[in-house]
There are 2 protein chains.
Amino acid sequence: MSEAYADKASALDAVDELAKLRAQFVLDDVVYLDGNSLGALPRSVPGRVEDVVRRQWGSLRIRSWDESGWWTAPERIGDRIAPLVGAAAGQIVVGDSTSVNVFKAVVGAVRLANDGDGGSDGGSDRGSGGGGGVGGGGRDEILVDATTFPTDGYIAASAARLTGCTLRPVTPGEVPGALNERTAAVLLNHVDYRTGRLHDLPSLTAAIHAAGALAVWDLCHSAGALPVGLDEHGVDLAIGCTYKYLNGGPGSPAYLYVRRDLQSRFDSPLPGWNSHADPFGMTPDFTPAPGALRGRVGTPDILSMLALEAALEVWDNVSVSAVRAKSLALQDFFLECVGAYVPEGAVESVTPSAHAERGSQVALRCEDAGGVMRRLIERGVVGDFREPDILRFGLTPLYVGFGDVERAARVLAEVL
Amino acid sequence: MSEAYADKASALDAVDELAKLRAQFVLDDVVYLDGNSLGALPRSVPGRVEDVVRRQWGSLRIRSWDESGWWTAPERIGDRIAPLVGAAAGQIVVGDSTSVNVFKAVVGAVRLANDGDGGSDGGSDRGSGGGGGVGGGGRDEILVDATTFPTDGYIAASAARLTGCTLRPVTPGEVPGALNERTAAVLLNHVDYRTGRLHDLPSLTAAIHAAGALAVWDLCHSAGALPVGLDEHGVDLAIGCTYKYLNGGPGSPAYLYVRRDLQSRFDSPLPGWNSHADPFGMTPDFTPAPGALRGRVGTPDILSMLALEAALEVWDNVSVSAVRAKSLALQDFFLECVGAYVPEGAVESVTPSAHAERGSQVALRCEDAGGVMRRLIERGVVGDFREPDILRFGLTPLYVGFGDVERAARVLAEVL
């Protein structure tokens, strides 16, 4: 039986237009299905990092802030991520962790929701007190995805506490019913980190807007795996990490998207000197930079940031829709192989069956999932385990092939 | 005349016990006096970074979070910085930018100042609202160093706004007179970034404590250049960058110190999943980690962080008091050479004359300071310029010698 699937895998790999991209990554004979946690190393990275360390830092030293483009890296790399999430240039800055960006976005959204006069300068009312969030607007409720990756919930709780708001955890499906005239902002995950479920960004964003609130989307598990369409769907703010499907490396900096027409009113709770209109003026008063730059905070971590910039080169001439098509085909084929190889009842897929509800991972529930994943890894199939009973297999179309998922399913059947 | 000073420089270099450390840095024939902005590249760094990229990320991939010690890097590297700032282990975590750490520290200090019951768990009152800062404690004023590096002031203003406090900018000398029963926290720079003035941390901390407030010190311009004595002087919270005298590289992560006996009540405004007691439990409720770990936020930026770890190896067996002694000797000799070489009245030192009031830089005021610094750099003497009229020369005792500062003074006289 497995020969038939192996043959089918070979046939699918042979016609896969993205298959050639695998050569741009450092991979060995392991089947690496954990790119939704840490993307594999792009071959463009080591040489770039060496140049940044030895020449830019070692020889040019302080001059590199100008001459090597260090200073402008956050917005330049933001513009490189922009097309991958459906954003025009000038709306994304890279820097800080996802958690820190969630904080900027949620506090910023609460302030925007309560700031009626569309033309005001985001910095003009600094220091005016009143909890720093809800002013006269009266929108004092934040909805947060109850099924979210927990950091979003923890940070949203802190944002709520500091802005005098109430936090209401709801499932994404409950959002439309939970919206009301007091809702300031809604923080949602585009793809659930556990089940891989893709939430309906266009319709949820529209519902949030209809209620007069702002939509903040966490793209950690969707950017680089499927079309996001931030501009098209009118998303207000978004954040995401860059070390999963964007392969930026361990703890590479996250990013913040602020829709262009909100930027002049975006009022960051972390107004560091890098978000000042004239950072080297070093004036005691804060005047926010124009545009997306006001989402910056402190000095950018150049080594991690320029490694990410090199990693993004693999996306040159790659279409996100081709990536999405392959991702879905990989998932279908993996589930087909699992269905064929694994004894009935040994695993249960919690991956949504409809393509429109899927991210780019397959999640299988099974007994002793932690032990099963350990044995899989020992046999060269690397996925991960999430409490309490979920095996996660991330399918990164840039470097995972159909032969890989056939082998993963085969080894899974062997270890069960 | 210059021969006499050149001879004296040679004699001083010959007996300098730290002179051998220069070989541990990548330096060329430039006189690099900008280590107070970006430290030179330690030779230990490039090979380590290559290993982190190629082997830890490229080959081990996700396994490195455990096997390469990625997960514990923030506290491990914090413990490596600790002796340099006079702190016992377990009180410092590395991560995020200085600005972000200022935010954690100032909001955390306001909450500590208003939290009377010494034994409470820092997370137990999360979500209880009330602006998230000043509760029943009634301490609603933050003093901030009016002469500070501006990011501290901007971030302190944001912290004040979000916690319902008033921000009062004062000079460090005005602090004792400005303290009162409403003061929650005082944010001060240990060394002024512009003039190089060292503020009196022990006596100011004592005055702040006598008023019942908390002292937050910014060590950016002192750590690695002079003894700080955080534990000895009972500092409450401290933050600092690592890319100046600690040579961590461009934008390398900053650190946060929380005094041990305050840790159980430290209530971070940025409670990311990395500060959770059980990060991989991924529970919807936040329970802060014990100890300094609750100062962590999101996923650490591993490339920048492990470059810093390698850079800190140069400190093995180096005593901070020896560094301090050499720093003062370099400053004295540089000023002596400037006095001898530079025409009377062409520059004015704004460096305090008393050793006890000095950091590790010499600041000279002169006309057209920006133009003068450009010409110095063209002639191989790299310092920097700060508005409106300050030439800054950072003297890093680990790699700057007496011959370097003699040459710098000589070239300065030539370009003036």
# chains A, B, ... in the order shown; residues from 1 in each chain; ligands from 1

call {"tool": "residues_around", "arguments": {"residues": "segment 167-170 of chain A", "least_positions_apart": "6", "cutoff": "9 Å", "atoms": "only C-alpha atoms", "output": "PyMOL selection string"}}
result
(chain A and resi 140-147+153+156-157+159-161+178) or (chain B and resi 127)

call {"tool": "residues_around", "arguments": {"residues": "Gly291 of chain A", "least_positions_apart": "5", "cutoff": "8 Å", "atoms": "only C-alpha atoms", "output": "PDB file with N, CA, C and O atoms, in the first residue's frame"}}
result
ATOM      1  N   GLY A  90       5.000  51.217   3.614  1.00  0.00           N
ATOM      2  CA  GLY A  90       4.842  52.341   4.531  1.00  0.00           C
ATOM      3  C   GLY A  90       3.878  52.107   5.676  1.00  0.00           C
ATOM      4  O   GLY A  90       3.449  53.058   6.326  1.00  0.00           O
ATOM      5  N   GLN A  91       3.543  50.862   5.933  1.00  0.00           N
ATOM      6  CA  GLN A  91       2.578  50.595   7.009  1.00  0.00           C
ATOM      7  C   GLN A  91       3.080  49.596   8.041  1.00  0.00           C
ATOM      8  O   GLN A  91       2.366  49.295   9.004  1.00  0.00           O
ATOM      9  N   ARG A 260      -2.649  52.903   7.001  1.00  0.00           N
ATOM     10  CA  ARG A 260      -2.141  54.242   6.692  1.00  0.00           C
ATOM     11  C   ARG A 260      -3.004  55.374   7.244  1.00  0.00           C
ATOM     12  O   ARG A 260      -2.493  56.310   7.844  1.00  0.00           O
ATOM     13  N   GLN A 263      -2.504  56.166  10.932  1.00  0.00           N
ATOM     14  CA  GLN A 263      -1.160  56.417  11.467  1.00  0.00           C
ATOM     15  C   GLN A 263      -1.017  57.773  12.162  1.00  0.00           C
ATOM     16  O   GLN A 263      -0.340  57.883  13.179  1.00  0.00           O
ATOM     17  N   SER A 264      -1.674  58.793  11.615  1.00  0.00           N
ATOM     18  CA  SER A 264      -1.481  60.129  12.203  1.00  0.00           C
ATOM     19  C   SER A 264      -2.119  60.221  13.589  1.00  0.00           C
ATOM     20  O   SER A 264      -1.791  61.107  14.368  1.00  0.00           O
TER      21      SER A 264
END

call {"tool": "closest_residue", "arguments": {"among": "A:Ser353, A:Thr171, A:Asn180, A:Ser275", "to": "chain B", "atoms": "only C-alpha atoms"}}
result
A:Ser275

call {"tool": "closest_atom_pairs", "arguments": {"of": "segment 163-232 of chain A", "to": "segment 33-56 of chain A", "cutoff": "10 Å", "atoms": "only C-alpha atoms", "output": "JSON lines"}}
result
{"residue": "A:Tyr193", "atom": "CA", "partner": "A:Asn36", "partner_atom": "CA", "distance": 8.7}
{"residue": "A:Cys220", "atom": "CA", "partner": "A:Asn36", "partner_atom": "CA", "distance": 8.7}
{"residue": "A:His221", "atom": "CA", "partner": "A:Asn36", "partner_atom": "CA", "distance": 6.8}
{"residue": "A:Ser222", "atom": "CA", "partner": "A:Asn36", "partner_atom": "CA", "distance": 9.3}
{"residue": "A:Ala225", "atom": "CA", "partner": "A:Asn36", "partner_atom": "CA", "distance": 9.3}

call {"tool": "write_last_selection", "arguments": {"atoms": "N, CA, C and O atoms", "output": "mmCIF file, in the first residue's frame"}}
result
data_model
loop_
_atom_site.group_PDB
_atom_site.id
_atom_site.type_symbol
_atom_site.label_atom_id
_atom_site.label_comp_id
_atom_site.auth_asym_id
_atom_site.auth_seq_id
_atom_site.Cartn_x
_atom_site.Cartn_y
_atom_site.Cartn_z
ATOM 1 N N TYR A 193 -3.196 28.613 16.989
ATOM 2 C CA TYR A 193 -1.884 27.948 17.044
ATOM 3 C C TYR A 193 -2.006 26.466 17.344
ATOM 4 O O TYR A 193 -1.096 25.700 17.061
ATOM 5 N N CYS A 220 0.763 35.591 13.397
ATOM 6 C CA CYS A 220 1.910 34.697 13.621
ATOM 7 C C CYS A 220 1.817 33.411 12.808
ATOM 8 O O CYS A 220 2.801 32.963 12.240
ATOM 9 N N HIS A 221 0.624 32.819 12.767
ATOM 10 C CA HIS A 221 0.489 31.520 12.100
ATOM 11 C C HIS A 221 -0.114 31.606 10.705
ATOM 12 O O HIS A 221 -0.522 30.590 10.165
ATOM 13 N N SER A 222 -0.173 32.807 10.157
ATOM 14 C CA SER A 222 -0.691 32.893 8.779
ATOM 15 C C SER A 222 0.285 33.580 7.835
ATOM 16 O O SER A 222 0.398 33.185 6.673
ATOM 17 N N ALA A 225 2.180 31.879 4.940
ATOM 18 C CA ALA A 225 1.573 30.580 4.662
ATOM 19 C C ALA A 225 0.315 30.702 3.818
ATOM 20 O O ALA A 225 -0.065 29.761 3.133
#

call {"tool": "select_by_dssp", "arguments": {"residues": "segment 32-134 of chain B", "states": "alpha helix (DSSP H)", "output": "number ranges by chain"}}
result
B: 44-51, 64-67, 73-81, 98-113

call {"tool": "residues_around", "arguments": {"residues": "Leu112 of chain B", "least_positions_apart": "4", "cutoff": "7 Å", "atoms": "only C-alpha atoms", "output": "PyMOL selection string"}}
result
chain B and resi 108+265-266

call {"tool": "write_last_selection", "arguments": {"atoms": "all heavy atoms", "output": "PDB file, in the first residue's frame"}}
result
ATOM      1  N   GLY B 108       6.349  49.199  36.973  1.00  0.00           N
ATOM      2  CA  GLY B 108       6.534  48.276  38.094  1.00  0.00           C
ATOM      3  C   GLY B 108       6.816  49.009  39.391  1.00  0.00           C
ATOM      4  O   GLY B 108       6.295  48.647  40.452  1.00  0.00           O
ATOM      5  N   ARG B 265       6.695  40.840  44.376  1.00  0.00           N
ATOM      6  CA  ARG B 265       5.626  41.829  44.197  1.00  0.00           C
ATOM      7  C   ARG B 265       5.769  42.597  42.887  1.00  0.00           C
ATOM      8  O   ARG B 265       4.943  43.444  42.575  1.00  0.00           O
ATOM      9  CB  ARG B 265       5.627  42.821  45.366  1.00  0.00           C
ATOM     10  CG  ARG B 265       5.283  42.174  46.707  1.00  0.00           C
ATOM     11  CD  ARG B 265       5.077  43.225  47.800  1.00  0.00           C
ATOM     12  NE  ARG B 265       6.287  43.959  48.104  1.00  0.00           N
ATOM     13  CZ  ARG B 265       6.380  45.287  48.124  1.00  0.00           C
ATOM     14  NH1 ARG B 265       5.323  46.035  47.821  1.00  0.00           N
ATOM     15  NH2 ARG B 265       7.519  45.874  48.426  1.00  0.00           N
ATOM     16  N   PHE B 266       6.841  42.325  42.129  1.00  0.00           N
ATOM     17  CA  PHE B 266       7.033  43.031  40.856  1.00  0.00           C
ATOM     18  C   PHE B 266       5.936  42.602  39.883  1.00  0.00           C
ATOM     19  O   PHE B 266       5.750  41.434  39.596  1.00  0.00           O
ATOM     20  CB  PHE B 266       8.412  42.724  40.285  1.00  0.00           C
ATOM     21  CG  PHE B 266       8.639  43.346  38.926  1.00  0.00           C
ATOM     22  CD1 PHE B 266       8.717  44.726  38.776  1.00  0.00           C
ATOM     23  CD2 PHE B 266       8.743  42.554  37.788  1.00  0.00           C
ATOM     24  CE1 PHE B 266       8.904  45.303  37.525  1.00  0.00           C
ATOM     25  CE2 PHE B 266       8.940  43.117  36.537  1.00  0.00           C
ATOM     26  CZ  PHE B 266       9.022  44.494  36.409  1.00  0.00           C
TER      27      PHE B 266
END

call {"tool": "closest_atom_pairs", "arguments": {"of": "chain B", "to": "chain A", "cutoff": "7 Å", "atoms": "only C-alpha atoms", "output": "CSV"}}
result
residue,atom,partner,partner_atom,distance
B:Val26,CA,A:Gly58,CA,6.1
B:Leu38,CA,A:Ile62,CA,6.0
B:Ala40,CA,A:Gly58,CA,6.6
B:Leu41,CA,A:Gly58,CA,5.0
B:Pro46,CA,A:Val53,CA,6.3
B:Glu50,CA,A:Pro46,CA,6.9
B:Val53,CA,A:Pro46,CA,6.3
B:Arg54,CA,A:Pro46,CA,6.7
B:Trp57,CA,A:Leu41,CA,6.5
B:Gly58,CA,A:Leu41,CA,5.0
B:Arg61,CA,A:Ala40,CA,6.8
B:Ile62,CA,A:Leu38,CA,6.0
B:Asp96,CA,A:Asp96,CA,6.5
B:Ser97,CA,A:Gly298,CA,5.6
B:Thr98,CA,A:Gly298,CA,6.6
B:Ser99,CA,A:Gly298,CA,5.4
B:Gly127,CA,A:Arg161,CA,5.4
B:Gly129,CA,A:Arg161,CA,4.8
B:Gly130,CA,A:Gly164,CA,6.3
B:Gly131,CA,A:Leu162,CA,4.9
B:Gly132,CA,A:Leu162,CA,4.7
B:Pro150,CA,A:Pro284,CA,5.7
B:Thr151,CA,A:Trp273,CA,4.7
B:Gly153,CA,A:Pro284,CA,6.9
B:Tyr154,CA,A:Pro271,CA,6.0
B:Ile155,CA,A:Pro271,CA,5.9
B:Ala157,CA,A:Gly127,CA,6.4
B:Ser158,CA,A:Pro269,CA,5.9
B:Arg161,CA,A:Gly129,CA,4.8
B:Leu162,CA,A:Gly132,CA,4.7
B:Thr163,CA,A:Gly131,CA,6.2
B:Gly164,CA,A:Gly131,CA,5.4
B:Pro250,CA,A:Ile302,CA,5.6
B:Gly251,CA,A:Asp301,CA,3.9
B:Ser252,CA,A:Asp301,CA,5.4
B:Pro253,CA,A:Asp301,CA,6.9
B:Pro269,CA,A:Ser158,CA,5.9
B:Leu270,CA,A:Ile155,CA,6.2
B:Pro271,CA,A:Ile155,CA,5.9
B:Gly272,CA,A:Thr151,CA,5.0
B:Trp273,CA,A:Thr151,CA,4.7
B:Gly281,CA,A:Glu387,CA,6.7
B:Met282,CA,A:Pro150,CA,5.7
B:Thr283,CA,A:Pro150,CA,6.5
B:Pro284,CA,A:Pro150,CA,5.7
B:Phe286,CA,A:Tyr154,CA,6.2
B:Val297,CA,A:Ser99,CA,6.7
B:Gly298,CA,A:Ser99,CA,5.4
B:Thr299,CA,A:Gly251,CA,5.3
B:Pro300,CA,A:Gly251,CA,5.1
B:Asp301,CA,A:Gly251,CA,3.9
B:Ile302,CA,A:Pro250,CA,5.6
B:Leu303,CA,A:Ser304,CA,5.5
B:Ser304,CA,A:Leu303,CA,5.5
B:Glu387,CA,A:Gly281,CA,6.7

call {"tool": "closest_residue", "arguments": {"among": "A:Leu188, A:Ala346, A:Val134, A:Val372", "to": "Val110 of chain A", "atoms": "only C-alpha atoms"}}
result
A:Val134

call {"tool": "select_by_dssp", "arguments": {"residues": "segment 66-227 of chain B", "states": "strand (DSSP E or B)", "output": "CSV table (one decimal) with N, CA, C and O atoms, in the first residue's frame"}}
result
chain,number,residue,atom,x,y,z
B,92,ILE,N,18.7,39.7,37.4
B,92,ILE,CA,18.8,40.4,36.1
B,92,ILE,C,18.3,39.5,35.0
B,92,ILE,O,18.7,38.3,35.0
B,93,VAL,N,17.5,40.0,34.1
B,93,VAL,CA,17.2,39.3,32.9
B,93,VAL,C,17.5,40.2,31.7
B,93,VAL,O,17.3,41.4,31.8
B,94,VAL,N,17.9,39.6,30.7
B,94,VAL,CA,18.3,40.3,29.5
B,94,VAL,C,17.2,40.1,28.4
B,94,VAL,O,16.6,39.1,28.3
B,141,GLU,N,3.1,60.4,41.8
B,141,GLU,CA,4.0,61.3,41.2
B,141,GLU,C,5.3,60.5,40.8
B,141,GLU,O,5.8,59.8,41.6
B,142,ILE,N,5.7,60.8,39.6
B,142,ILE,CA,7.0,60.2,39.2
B,142,ILE,C,8.0,61.3,38.9
B,142,ILE,O,7.6,62.3,38.2
B,143,LEU,N,9.1,61.2,39.5
B,143,LEU,CA,10.2,62.2,39.2
B,143,LEU,C,11.1,61.6,38.1
B,143,LEU,O,11.5,60.4,38.2
B,144,VAL,N,11.4,62.4,37.1
B,144,VAL,CA,12.3,61.9,36.1
B,144,VAL,C,13.4,63.0,35.9
B,144,VAL,O,13.2,64.2,35.9
B,145,ASP,N,14.6,62.4,35.6
B,145,ASP,CA,15.8,63.3,35.4
B,145,ASP,C,15.5,64.1,34.1
B,145,ASP,O,15.4,63.6,33.0
B,166,THR,N,1.4,61.8,37.8
B,166,THR,CA,2.0,63.1,37.2
B,166,THR,C,3.5,62.9,37.1
B,166,THR,O,4.1,62.3,38.0
B,167,LEU,N,4.0,63.4,36.0
B,167,LEU,CA,5.4,63.3,35.8
B,167,LEU,C,6.1,64.6,36.0
B,167,LEU,O,5.6,65.7,35.5
B,168,ARG,N,7.1,64.7,36.9
B,168,ARG,CA,7.8,65.9,37.2
B,168,ARG,C,9.3,65.8,36.8
B,168,ARG,O,10.1,65.1,37.4
B,169,PRO,N,9.7,66.5,35.7
B,169,PRO,CA,11.1,66.5,35.4
B,169,PRO,C,11.9,67.4,36.3
B,169,PRO,O,11.5,68.6,36.5
B,170,VAL,N,12.9,66.9,36.9
B,170,VAL,CA,13.8,67.7,37.8
B,170,VAL,C,15.3,67.3,37.5
B,170,VAL,O,15.5,66.2,36.9
B,183,THR,N,5.4,61.0,46.1
B,183,THR,CA,6.4,60.4,45.1
B,183,THR,C,6.3,58.9,45.1
B,183,THR,O,6.5,58.2,46.1
B,184,ALA,N,6.1,58.3,43.9
B,184,ALA,CA,6.1,56.9,43.8
B,184,ALA,C,7.4,56.4,43.4
B,184,ALA,O,8.0,55.4,43.9
B,185,ALA,N,8.0,57.0,42.3
B,185,ALA,CA,9.2,56.5,41.7
B,185,ALA,C,10.1,57.6,41.2
B,185,ALA,O,9.5,58.6,40.8
B,186,VAL,N,11.4,57.4,41.1
B,186,VAL,CA,12.3,58.4,40.6
B,186,VAL,C,13.2,57.6,39.6
B,186,VAL,O,13.8,56.6,39.9
B,187,LEU,N,13.2,58.1,38.3
B,187,LEU,CA,14.0,57.5,37.3
B,187,LEU,C,15.2,58.5,37.0
B,187,LEU,O,15.0,59.6,36.6
B,188,LEU,N,16.4,57.9,37.2
B,188,LEU,CA,17.6,58.7,37.1
B,188,LEU,C,18.6,58.0,36.2
B,188,LEU,O,18.7,56.8,36.2
B,189,ASN,N,19.4,58.8,35.5
B,189,ASN,CA,20.5,58.3,34.8
B,189,ASN,C,21.8,58.3,35.7
B,189,ASN,O,22.0,59.3,36.3
B,191,VAL,N,24.9,58.1,34.7
B,191,VAL,CA,25.8,59.0,34.0
B,191,VAL,C,25.1,59.7,32.9
B,191,VAL,O,24.4,59.1,32.1
B,197,ARG,N,28.6,63.4,33.3
B,197,ARG,CA,28.5,63.6,34.7
B,197,ARG,C,27.9,62.3,35.4
B,197,ARG,O,26.9,61.8,35.0
B,198,LEU,N,28.6,61.9,36.5
B,198,LEU,CA,28.2,60.7,37.3
B,198,LEU,C,27.4,61.2,38.4
B,198,LEU,O,27.8,62.1,39.2
B,214,LEU,N,10.5,54.6,45.3
B,214,LEU,CA,11.4,53.6,44.7
B,214,LEU,C,12.4,54.3,43.7
B,214,LEU,O,12.0,55.2,42.9
B,215,ALA,N,13.6,53.8,43.7
B,215,ALA,CA,14.7,54.4,42.8
B,215,ALA,C,14.9,53.4,41.6
B,215,ALA,O,15.2,52.3,41.8
B,216,VAL,N,14.8,54.0,40.4
B,216,VAL,CA,15.0,53.3,39.2
B,216,VAL,C,16.2,54.0,38.5
B,216,VAL,O,16.1,55.2,38.2
B,217,TRP,N,17.3,53.2,38.3
B,217,TRP,CA,18.5,53.8,37.7
B,217,TRP,C,18.7,53.2,36.3
B,217,TRP,O,18.6,52.0,36.1
B,218,ASP,N,19.1,54.1,35.4
B,218,ASP,CA,19.5,53.8,34.1
B,218,ASP,C,21.0,53.8,34.0
B,218,ASP,O,21.7,54.8,34.2

call {"tool": "atom_distance", "arguments": {"atom1": "atom CA of Leu376 of chain B", "atom2": "atom CA of Phe393 of chain B"}}
result
11.2 Å

call {"tool": "decode", "arguments": {"residues": "segment 304-318 of chain A", "atoms": "N, CA, C and O atoms", "output": "PDB file, in the first residue's frame"}}
result
ATOM      1  N   SER A 304      19.781  40.314  14.680  1.00  0.00           N
ATOM      2  CA  SER A 304      18.575  39.535  14.422  1.00  0.00           C
ATOM      3  C   SER A 304      17.793  40.126  13.244  1.00  0.00           C
ATOM      4  O   SER A 304      17.226  39.403  12.428  1.00  0.00           O
ATOM      5  N   MET A 305      17.788  41.441  13.173  1.00  0.00           N
ATOM      6  CA  MET A 305      16.982  42.102  12.148  1.00  0.00           C
ATOM      7  C   MET A 305      17.547  41.897  10.748  1.00  0.00           C
ATOM      8  O   MET A 305      16.817  41.643   9.791  1.00  0.00           O
ATOM      9  N   LEU A 306      18.863  41.974  10.612  1.00  0.00           N
ATOM     10  CA  LEU A 306      19.434  41.823   9.271  1.00  0.00           C
ATOM     11  C   LEU A 306      19.513  40.352   8.854  1.00  0.00           C
ATOM     12  O   LEU A 306      19.528  40.045   7.662  1.00  0.00           O
ATOM     13  N   ALA A 307      19.517  39.441   9.824  1.00  0.00           N
ATOM     14  CA  ALA A 307      19.363  38.020   9.480  1.00  0.00           C
ATOM     15  C   ALA A 307      17.979  37.812   8.861  1.00  0.00           C
ATOM     16  O   ALA A 307      17.829  37.116   7.849  1.00  0.00           O
ATOM     17  N   LEU A 308      16.984  38.427   9.457  1.00  0.00           N
ATOM     18  CA  LEU A 308      15.623  38.353   8.910  1.00  0.00           C
ATOM     19  C   LEU A 308      15.574  38.936   7.502  1.00  0.00           C
ATOM     20  O   LEU A 308      14.954  38.369   6.596  1.00  0.00           O
ATOM     21  N   GLU A 309      16.241  40.059   7.302  1.00  0.00           N
ATOM     22  CA  GLU A 309      16.205  40.667   5.971  1.00  0.00           C
ATOM     23  C   GLU A 309      16.769  39.708   4.916  1.00  0.00           C
ATOM     24  O   GLU A 309      16.208  39.558   3.833  1.00  0.00           O
ATOM     25  N   ALA A 310      17.860  39.045   5.267  1.00  0.00           N
ATOM     26  CA  ALA A 310      18.434  38.067   4.323  1.00  0.00           C
ATOM     27  C   ALA A 310      17.453  36.913   4.101  1.00  0.00           C
ATOM     28  O   ALA A 310      17.267  36.442   2.979  1.00  0.00           O
ATOM     29  N   ALA A 311      16.810  36.472   5.182  1.00  0.00           N
ATOM     30  CA  ALA A 311      15.886  35.341   5.078  1.00  0.00           C
ATOM     31  C   ALA A 311      14.717  35.646   4.144  1.00  0.00           C
ATOM     32  O   ALA A 311      14.187  34.758   3.475  1.00  0.00           O
ATOM     33  N   LEU A 312      14.326  36.899   4.095  1.00  0.00           N
ATOM     34  CA  LEU A 312      13.166  37.263   3.276  1.00  0.00           C
ATOM     35  C   LEU A 312      13.471  37.227   1.783  1.00  0.00           C
ATOM     36  O   LEU A 312      12.551  37.245   0.957  1.00  0.00           O
ATOM     37  N   GLU A 313      14.746  37.153   1.428  1.00  0.00           N
ATOM     38  CA  GLU A 313      15.092  37.123   0.001  1.00  0.00           C
ATOM     39  C   GLU A 313      14.527  35.904  -0.715  1.00  0.00           C
ATOM     40  O   GLU A 313      14.310  35.931  -1.923  1.00  0.00           O
ATOM     41  N   VAL A 314      14.291  34.848   0.032  1.00  0.00           N
ATOM     42  CA  VAL A 314      13.769  33.634  -0.591  1.00  0.00           C
ATOM     43  C   VAL A 314      12.382  33.880  -1.206  1.00  0.00           C
ATOM     44  O   VAL A 314      11.943  33.151  -2.084  1.00  0.00           O
ATOM     45  N   TRP A 315      11.718  34.947  -0.760  1.00  0.00           N
ATOM     46  CA  TRP A 315      10.374  35.249  -1.260  1.00  0.00           C
ATOM     47  C   TRP A 315      10.376  35.991  -2.589  1.00  0.00           C
ATOM     48  O   TRP A 315       9.307  36.199  -3.188  1.00  0.00           O
ATOM     49  N   ASP A 316      11.533  36.393  -3.065  1.00  0.00           N
ATOM     50  CA  ASP A 316      11.569  37.080  -4.358  1.00  0.00           C
ATOM     51  C   ASP A 316      10.907  36.195  -5.412  1.00  0.00           C
ATOM     52  O   ASP A 316      11.282  35.038  -5.589  1.00  0.00           O
ATOM     53  N   ASN A 317       9.936  36.733  -6.097  1.00  0.00           N
ATOM     54  CA  ASN A 317       9.262  36.009  -7.179  1.00  0.00           C
ATOM     55  C   ASN A 317       8.439  34.806  -6.729  1.00  0.00           C
ATOM     56  O   ASN A 317       8.102  33.943  -7.535  1.00  0.00           O
ATOM     57  N   VAL A 318       8.140  34.718  -5.452  1.00  0.00           N
ATOM     58  CA  VAL A 318       7.257  33.650  -4.975  1.00  0.00           C
ATOM     59  C   VAL A 318       5.880  34.256  -4.723  1.00  0.00           C
ATOM     60  O   VAL A 318       5.771  35.292  -4.066  1.00  0.00           O
TER      61      VAL A 318
END
